[in-house]
Amino acid sequence: MAQSLIEQDGVTLIEQVVSLLLGSVLITSLYAYFRAELYRTVSVESKTATLEDARGALDIILRDLMNAGAWPNGVAPLETGVADDPDHDADIVCNRVYAASPSAIHIQMDLNGNGNCTDTDPRENIRYELTNPTATCPGPQIIRRNGDCLVANVVPGLPDKLFTYYDANGTDLGANPARDAIKRVKIAFSVQVKNPDPNGAGNLSSTVLSSVEFRN
């Protein structure tokens with residue numbers, strides 16, 4: 001009878017400690033796995049968001065540049081004043097490219113054929129520029145469209161360079177292109193966000209690049 005009772009005793013303290021240790025190792029491993037998967041998913045979602053922002057902004061820029069210099073009557077209309085001549089350039093007609101630099105481009109068009117390039121619906125006088133961030137549009141730099149924030153958290157491929165200009169022969173026109181010589185414009189930039197994984201380094205970014213050849 002005594003022998004039988006001895007054989008029915010519970011697990012020993014050592015067995016309990018071993019079981020607890022194995023369980024802790026298993027739980028720790030599972031936690032590390034699920035944590036890694038969680039941050040991987042969040043990182044993918046964040047990177048996808050940056051790509052959507054970059055592509056959306058690029059599509060708008062490309063659409064506007066494709067319409068630059070659209071004169072339905074075949075002739076550039078006369079400028080009417082401050083609205084279409086903000087920098088008081090020397091000529092008196094609207095310009096396909098009113099101003100151009102590596103960080104900005106100002107284009108004009110007459111989409112509705114009413115003989116001017118000042119309308120806001122449709123927008124016929126458009127300026128894009130790479131500028132410093134604001135309280136509501138953060139990042140290293142931002143892209144503005146007629147003063148409004150088009151996309152935040154922008155990182156240009158080269159400092160302060162959003163646009164590259166080429167002539168009809170494909171020659172790079174440099175930092176001060178002759179407006180009438182511009183035939184093609186290349187746009188390149190990245191949109192970035194901070195890596196959501198606290199153990200990850202740096203930022204997540206998506207880069208877009210495209211070009212537009214003027215049709216006239």
# chains A, B, ... in the order shown; residues from 1 in each chain; ligands from 1
$ closest_atom_pairs --of "region 37-130 of chain A" --to "region 190-212 of chain A" --cutoff "6 Å" --atoms "only C-alpha atoms" --output "CSV"
residue,atom,partner,partner_atom,distance
A:Tyr39,CA,A:Asp197,CA,5.6
A:Lys47,CA,A:Leu204,CA,6.0
A:Thr50,CA,A:Val191,CA,5.6
A:Leu51,CA,A:Ser206,CA,5.2
A:Ala54,CA,A:Val191,CA,5.9
$ write_last_selection --atoms "N, CA and C atoms" --output "PDB file, in the first residue's frame"
ATOM      1  N   TYR A  39       5.170  44.344 -37.387  1.00  0.00           N
ATOM      2  CA  TYR A  39       5.910  45.494 -37.899  1.00  0.00           C
ATOM      3  C   TYR A  39       6.202  45.353 -39.393  1.00  0.00           C
ATOM      4  N   LYS A  47       4.933  51.887 -46.658  1.00  0.00           N
ATOM      5  CA  LYS A  47       5.634  52.063 -47.937  1.00  0.00           C
ATOM      6  C   LYS A  47       4.636  52.162 -49.087  1.00  0.00           C
ATOM      7  N   THR A  50       3.307  55.685 -49.171  1.00  0.00           N
ATOM      8  CA  THR A  50       4.229  56.645 -49.778  1.00  0.00           C
ATOM      9  C   THR A  50       4.214  56.523 -51.292  1.00  0.00           C
ATOM     10  N   LEU A  51       4.118  55.291 -51.802  1.00  0.00           N
ATOM     11  CA  LEU A  51       4.092  55.089 -53.249  1.00  0.00           C
ATOM     12  C   LEU A  51       2.822  55.669 -53.848  1.00  0.00           C
ATOM     13  N   ALA A  54       3.221  59.440 -53.922  1.00  0.00           N
ATOM     14  CA  ALA A  54       4.157  59.854 -54.964  1.00  0.00           C
ATOM     15  C   ALA A  54       3.545  59.711 -56.352  1.00  0.00           C
TER      16      ALA A  54
END
$ residues_around --residues "Gly115 (chain A)" --least-positions-apart "6" --cutoff "10 Å" --atoms "only C-alpha atoms" --output "list in words"
Trp71, Pro72, Asn73, Val75, Ala76, Pro77, Leu78, Glu79, Thr80, Cys94 and Met109 of chain A
$ write_last_selection --atoms "N, CA and C atoms" --output "PDB file, in the first residue's frame"
ATOM      1  N   TRP A  71      -2.972  75.783 -77.206  1.00  0.00           N
ATOM      2  CA  TRP A  71      -3.641  76.973 -77.746  1.00  0.00           C
ATOM      3  C   TRP A  71      -4.653  76.509 -78.792  1.00  0.00           C
ATOM      4  N   PRO A  72      -5.923  76.335 -78.434  1.00  0.00           N
ATOM      5  CA  PRO A  72      -6.929  75.833 -79.376  1.00  0.00           C
ATOM      6  C   PRO A  72      -7.036  76.671 -80.651  1.00  0.00           C
ATOM      7  N   ASN A  73      -6.758  77.967 -80.549  1.00  0.00           N
ATOM      8  CA  ASN A  73      -6.845  78.827 -81.729  1.00  0.00           C
ATOM      9  C   ASN A  73      -5.552  78.827 -82.536  1.00  0.00           C
ATOM     10  N   VAL A  75      -2.714  80.035 -81.702  1.00  0.00           N
ATOM     11  CA  VAL A  75      -1.839  81.158 -81.379  1.00  0.00           C
ATOM     12  C   VAL A  75      -1.911  81.416 -79.885  1.00  0.00           C
ATOM     13  N   ALA A  76      -0.766  81.702 -79.266  1.00  0.00           N
ATOM     14  CA  ALA A  76      -0.757  82.022 -77.837  1.00  0.00           C
ATOM     15  C   ALA A  76      -1.535  83.305 -77.600  1.00  0.00           C
ATOM     16  N   PRO A  77      -2.489  83.310 -76.662  1.00  0.00           N
ATOM     17  CA  PRO A  77      -3.269  84.530 -76.403  1.00  0.00           C
ATOM     18  C   PRO A  77      -2.443  85.600 -75.704  1.00  0.00           C
ATOM     19  N   LEU A  78      -2.928  86.813 -75.758  1.00  0.00           N
ATOM     20  CA  LEU A  78      -2.262  87.917 -75.085  1.00  0.00           C
ATOM     21  C   LEU A  78      -2.408  87.783 -73.574  1.00  0.00           C
ATOM     22  N   GLU A  79      -1.375  88.211 -72.859  1.00  0.00           N
ATOM     23  CA  GLU A  79      -1.483  88.266 -71.404  1.00  0.00           C
ATOM     24  C   GLU A  79      -2.458  89.375 -71.019  1.00  0.00           C
ATOM     25  N   THR A  80      -3.131  89.179 -69.892  1.00  0.00           N
ATOM     26  CA  THR A  80      -4.138  90.155 -69.482  1.00  0.00           C
ATOM     27  C   THR A  80      -3.744  90.964 -68.255  1.00  0.00           C
ATOM     28  N   CYS A  94       0.925  84.805 -73.576  1.00  0.00           N
ATOM     29  CA  CYS A  94       1.077  83.654 -72.690  1.00  0.00           C
ATOM     30  C   CYS A  94       2.190  82.758 -73.208  1.00  0.00           C
ATOM     31  N   MET A 109      -1.570  77.722 -70.470  1.00  0.00           N
ATOM     32  CA  MET A 109      -2.350  77.064 -71.517  1.00  0.00           C
ATOM     33  C   MET A 109      -3.695  77.769 -71.646  1.00  0.00           C
TER      34      MET A 109
END
$ select_by_dssp --residues "region 13-178 of chain A" --states "strand (DSSP E or B)" --output "PyMOL selection string"
chain A and resi 78+93+97-101+104-108+120+123+125-131+141-145+148-156+158+161+163-166+172
$ atom_distance --atom1 "CA of Asp85 (chain A)" --atom2 "CA of Ala68 (chain A)"
15.7 Å
$ residues_around --residues "Asn169 (chain A)" --least-positions-apart "5" --cutoff "12 Å" --atoms "only C-alpha atoms" --output "ChimeraX atom specification"
/A:181-184,213
$ select_by_dssp --residues "region 27-158 of chain A" --states "helix (DSSP H, G or I)" --output "number ranges by chain"
A: 27-67
$ write_last_selection --atoms "N, CA and C atoms" --output "tab-separated table (two decimals), in the first residue's frame"
chain	number	residue	atom	x	y	z
A	27	ILE	N	6.78	30.83	-25.46
A	27	ILE	CA	6.00	32.08	-25.51
A	27	ILE	C	6.86	33.23	-26.04
A	28	THR	N	8.11	33.29	-25.59
A	28	THR	CA	9.01	34.35	-26.06
A	28	THR	C	9.24	34.26	-27.56
A	29	SER	N	9.41	33.03	-28.05
A	29	SER	CA	9.63	32.83	-29.48
A	29	SER	C	8.40	33.26	-30.28
A	30	LEU	N	7.22	32.86	-29.80
A	30	LEU	CA	5.99	33.23	-30.49
A	30	LEU	C	5.78	34.74	-30.48
A	31	TYR	N	6.09	35.40	-29.34
A	31	TYR	CA	5.94	36.85	-29.25
A	31	TYR	C	6.86	37.54	-30.25
A	32	ALA	N	8.11	37.08	-30.32
A	32	ALA	CA	9.06	37.70	-31.25
A	32	ALA	C	8.60	37.52	-32.70
A	33	TYR	N	8.04	36.35	-33.00
A	33	TYR	CA	7.57	36.09	-34.36
A	33	TYR	C	6.40	37.01	-34.71
A	34	PHE	N	5.41	37.07	-33.84
A	34	PHE	CA	4.22	37.88	-34.13
A	34	PHE	C	4.58	39.37	-34.14
A	35	ARG	N	5.52	39.78	-33.29
A	35	ARG	CA	5.94	41.18	-33.31
A	35	ARG	C	6.60	41.53	-34.63
A	36	ALA	N	7.48	40.65	-35.08
A	36	ALA	CA	8.17	40.88	-36.36
A	36	ALA	C	7.17	40.95	-37.51
A	37	GLU	N	6.18	40.04	-37.49
A	37	GLU	CA	5.17	40.03	-38.55
A	37	GLU	C	4.31	41.29	-38.50
A	38	LEU	N	3.99	41.75	-37.30
A	38	LEU	CA	3.19	42.96	-37.16
A	38	LEU	C	3.90	44.16	-37.75
A	39	TYR	N	5.17	44.34	-37.39
A	39	TYR	CA	5.91	45.49	-37.90
A	39	TYR	C	6.20	45.35	-39.39
A	40	ARG	N	6.35	44.12	-39.86
A	40	ARG	CA	6.55	43.93	-41.30
A	40	ARG	C	5.30	44.38	-42.06
A	41	THR	N	4.13	44.00	-41.54
A	41	THR	CA	2.87	44.40	-42.18
A	41	THR	C	2.70	45.91	-42.16
A	42	VAL	N	2.98	46.53	-41.00
A	42	VAL	CA	2.85	47.98	-40.88
A	42	VAL	C	3.83	48.69	-41.82
A	43	SER	N	5.04	48.15	-41.95
A	43	SER	CA	6.04	48.74	-42.84
A	43	SER	C	5.60	48.67	-44.29
A	44	VAL	N	5.04	47.53	-44.68
A	44	VAL	CA	4.55	47.38	-46.06
A	44	VAL	C	3.43	48.38	-46.33
A	45	GLU	N	2.52	48.52	-45.37
A	45	GLU	CA	1.41	49.47	-45.54
A	45	GLU	C	1.93	50.90	-45.63
A	46	SER	N	2.92	51.24	-44.82
A	46	SER	CA	3.48	52.58	-44.85
A	46	SER	C	4.18	52.86	-46.18
A	47	LYS	N	4.93	51.89	-46.66
A	47	LYS	CA	5.63	52.06	-47.94
A	47	LYS	C	4.64	52.16	-49.09
A	48	THR	N	3.56	51.38	-49.02
A	48	THR	CA	2.53	51.46	-50.05
A	48	THR	C	1.88	52.84	-50.06
A	49	ALA	N	1.67	53.39	-48.87
A	49	ALA	CA	1.08	54.74	-48.77
A	49	ALA	C	1.99	55.78	-49.40
A	50	THR	N	3.31	55.69	-49.17
A	50	THR	CA	4.23	56.64	-49.78
A	50	THR	C	4.21	56.52	-51.29
A	51	LEU	N	4.12	55.29	-51.80
A	51	LEU	CA	4.09	55.09	-53.25
A	51	LEU	C	2.82	55.67	-53.85
A	52	GLU	N	1.69	55.50	-53.17
A	52	GLU	CA	0.44	56.06	-53.66
A	52	GLU	C	0.49	57.58	-53.68
A	53	ASP	N	1.07	58.17	-52.62
A	53	ASP	CA	1.20	59.63	-52.58
A	53	ASP	C	2.09	60.12	-53.72
A	54	ALA	N	3.22	59.44	-53.92
A	54	ALA	CA	4.16	59.85	-54.96
A	54	ALA	C	3.54	59.71	-56.35
A	55	ARG	N	2.90	58.58	-56.61
A	55	ARG	CA	2.29	58.36	-57.92
A	55	ARG	C	1.14	59.33	-58.18
A	56	GLY	N	0.34	59.60	-57.14
A	56	GLY	CA	-0.76	60.53	-57.32
A	56	GLY	C	-0.26	61.92	-57.68
A	57	ALA	N	0.78	62.39	-56.98
A	57	ALA	CA	1.35	63.70	-57.28
A	57	ALA	C	1.97	63.72	-58.67
A	58	LEU	N	2.69	62.66	-59.01
A	58	LEU	CA	3.33	62.60	-60.33
A	58	LEU	C	2.29	62.62	-61.44
A	59	ASP	N	1.19	61.90	-61.27
A	59	ASP	CA	0.15	61.88	-62.30
A	59	ASP	C	-0.43	63.27	-62.54
A	60	ILE	N	-0.62	64.03	-61.47
A	60	ILE	CA	-1.16	65.39	-61.61
A	60	ILE	C	-0.16	66.29	-62.36
A	61	ILE	N	1.12	66.18	-61.99
A	61	ILE	CA	2.15	66.99	-62.66
A	61	ILE	C	2.22	66.64	-64.14
A	62	LEU	N	2.23	65.35	-64.45
A	62	LEU	CA	2.32	64.92	-65.84
A	62	LEU	C	1.13	65.41	-66.65
A	63	ARG	N	-0.06	65.32	-66.07
A	63	ARG	CA	-1.27	65.76	-66.78
A	63	ARG	C	-1.19	67.23	-67.12
A	64	ASP	N	-0.75	68.05	-66.15
A	64	ASP	CA	-0.65	69.48	-66.42
A	64	ASP	C	0.42	69.79	-67.46
A	65	LEU	N	1.57	69.14	-67.35
A	65	LEU	CA	2.64	69.41	-68.31
A	65	LEU	C	2.25	68.99	-69.73
A	66	MET	N	1.44	67.93	-69.85
A	66	MET	CA	0.99	67.51	-71.18
A	66	MET	C	0.12	68.57	-71.85
A	67	ASN	N	-0.55	69.38	-71.02
A	67	ASN	CA	-1.42	70.42	-71.58
A	67	ASN	C	-0.71	71.76	-71.75
$ atom_distance --atom1 "CA of Pro86 (chain A)" --atom2 "CA of Leu150 (chain A)"
20.8 Å
$ atom_distance --atom1 "CA of Val93 (chain A)" --atom2 "CA of Thr131 (chain A)"
27.9 Å
$ residues_around --residues "Ala135 (chain A)" --least-positions-apart "4" --cutoff "12 Å" --atoms "only C-alpha atoms" --output "list in words"
Gly139, Gln141, Ile142, Cys149 and Ala152 of chain A
$ residues_around --residues "Ala70 (chain A)" --least-positions-apart "5" --cutoff "9 Å" --atoms "only C-alpha atoms" --output "PyMOL selection string"
chain A and resi 76+96+108-111+113+215-216
$ closest_residue --among "A:Ser24, A:Thr120, A:Val17, A:Val154" --to "Cys137 (chain A)" --atoms "only C-alpha atoms"
A:Val154
$ decode --residues "region 106-197 of chain A" --atoms "C-alpha atoms" --output "CSV table (one decimal), in the first residue's frame"
chain,number,residue,atom,x,y,z
A,106,HIS,CA,5.5,77.7,-64.4
A,107,ILE,CA,3.3,76.7,-67.4
A,108,GLN,CA,0.4,78.3,-69.2
A,109,MET,CA,-2.4,77.1,-71.5
A,110,ASP,CA,-5.8,78.0,-72.9
A,111,LEU,CA,-7.8,74.9,-72.3
A,112,ASN,CA,-11.2,76.4,-73.0
A,113,GLY,CA,-10.1,78.4,-76.0
A,114,ASN,CA,-11.5,81.7,-74.7
A,115,GLY,CA,-8.4,83.7,-75.7
A,116,ASN,CA,-6.6,84.0,-72.3
A,117,CYS,CA,-4.6,81.8,-69.9
A,118,THR,CA,-6.0,83.1,-66.6
A,119,ASP,CA,-8.9,80.8,-65.9
A,120,THR,CA,-9.0,78.8,-62.7
A,121,ASP,CA,-11.7,76.3,-63.9
A,122,PRO,CA,-10.1,74.7,-65.9
A,123,ARG,CA,-6.8,75.7,-64.3
A,124,GLU,CA,-4.7,77.4,-67.1
A,125,ASN,CA,-1.9,79.0,-65.2
A,126,ILE,CA,0.0,76.5,-63.1
A,127,ARG,CA,3.2,76.7,-61.0
A,128,TYR,CA,4.9,73.7,-59.4
A,129,GLU,CA,7.7,74.3,-56.9
A,130,LEU,CA,9.8,72.3,-54.5
A,131,THR,CA,9.8,74.3,-51.2
A,132,ASN,CA,10.3,74.0,-47.5
A,133,PRO,CA,7.7,72.3,-45.3
A,134,THR,CA,4.9,73.9,-43.4
A,135,ALA,CA,3.1,73.1,-40.2
A,136,THR,CA,0.3,71.3,-42.1
A,137,CYS,CA,2.5,69.9,-44.9
A,138,PRO,CA,5.6,68.3,-43.2
A,139,GLY,CA,8.8,66.6,-44.4
A,140,PRO,CA,12.3,67.5,-45.6
A,141,GLN,CA,10.7,69.3,-48.5
A,142,ILE,CA,7.2,69.5,-50.2
A,143,ILE,CA,5.8,70.0,-53.7
A,144,ARG,CA,3.4,72.9,-54.1
A,145,ARG,CA,0.9,73.4,-56.9
A,146,ASN,CA,-0.1,77.1,-57.2
A,147,GLY,CA,0.8,77.5,-53.5
A,148,ASP,CA,-1.2,74.6,-52.2
A,149,CYS,CA,0.5,71.5,-50.8
A,150,LEU,CA,0.4,68.7,-53.4
A,151,VAL,CA,2.5,66.2,-51.6
A,152,ALA,CA,4.5,66.2,-48.3
A,153,ASN,CA,7.6,64.4,-47.1
A,154,VAL,CA,9.4,64.9,-50.4
A,155,VAL,CA,13.1,64.0,-51.0
A,156,PRO,CA,14.5,65.1,-54.4
A,157,GLY,CA,17.0,62.9,-56.1
A,158,LEU,CA,19.5,65.8,-56.0
A,159,PRO,CA,19.3,68.8,-53.6
A,160,ASP,CA,16.6,71.3,-54.7
A,161,LYS,CA,16.2,69.5,-58.0
A,162,LEU,CA,12.8,68.3,-59.1
A,163,PHE,CA,12.9,69.0,-62.8
A,164,THR,CA,15.4,68.3,-65.6
A,165,TYR,CA,15.0,70.0,-69.0
A,166,TYR,CA,16.0,68.7,-72.5
A,167,ASP,CA,15.8,70.2,-76.0
A,168,ALA,CA,14.6,68.5,-79.1
A,169,ASN,CA,17.9,66.6,-79.5
A,170,GLY,CA,17.8,65.3,-75.9
A,171,THR,CA,20.5,67.6,-74.7
A,172,ASP,CA,20.3,68.6,-71.0
A,173,LEU,CA,19.6,72.3,-70.8
A,174,GLY,CA,21.1,72.8,-67.4
A,175,ALA,CA,20.0,74.9,-64.4
A,176,ASN,CA,19.0,77.9,-66.5
A,177,PRO,CA,17.2,76.5,-69.6
A,178,ALA,CA,16.0,78.7,-72.4
A,179,ARG,CA,12.2,78.5,-72.2
A,180,ASP,CA,11.6,78.2,-75.9
A,181,ALA,CA,14.3,75.4,-76.2
A,182,ILE,CA,12.6,73.1,-73.7
A,183,LYS,CA,11.0,70.1,-75.5
A,184,ARG,CA,11.0,67.5,-72.7
A,185,VAL,CA,10.8,67.7,-68.9
A,186,LYS,CA,11.9,64.9,-66.5
A,187,ILE,CA,10.4,64.7,-63.0
A,188,ALA,CA,12.0,62.7,-60.3
A,189,PHE,CA,11.5,62.6,-56.5
A,190,SER,CA,10.9,60.3,-53.5
A,191,VAL,CA,8.3,60.4,-50.7
A,192,GLN,CA,9.4,59.1,-47.4
A,193,VAL,CA,8.1,58.3,-43.9
A,194,LYS,CA,9.8,57.2,-40.7
A,195,ASN,CA,10.2,53.4,-40.3
A,196,PRO,CA,7.4,52.3,-38.0
A,197,ASP,CA,9.6,49.5,-36.6
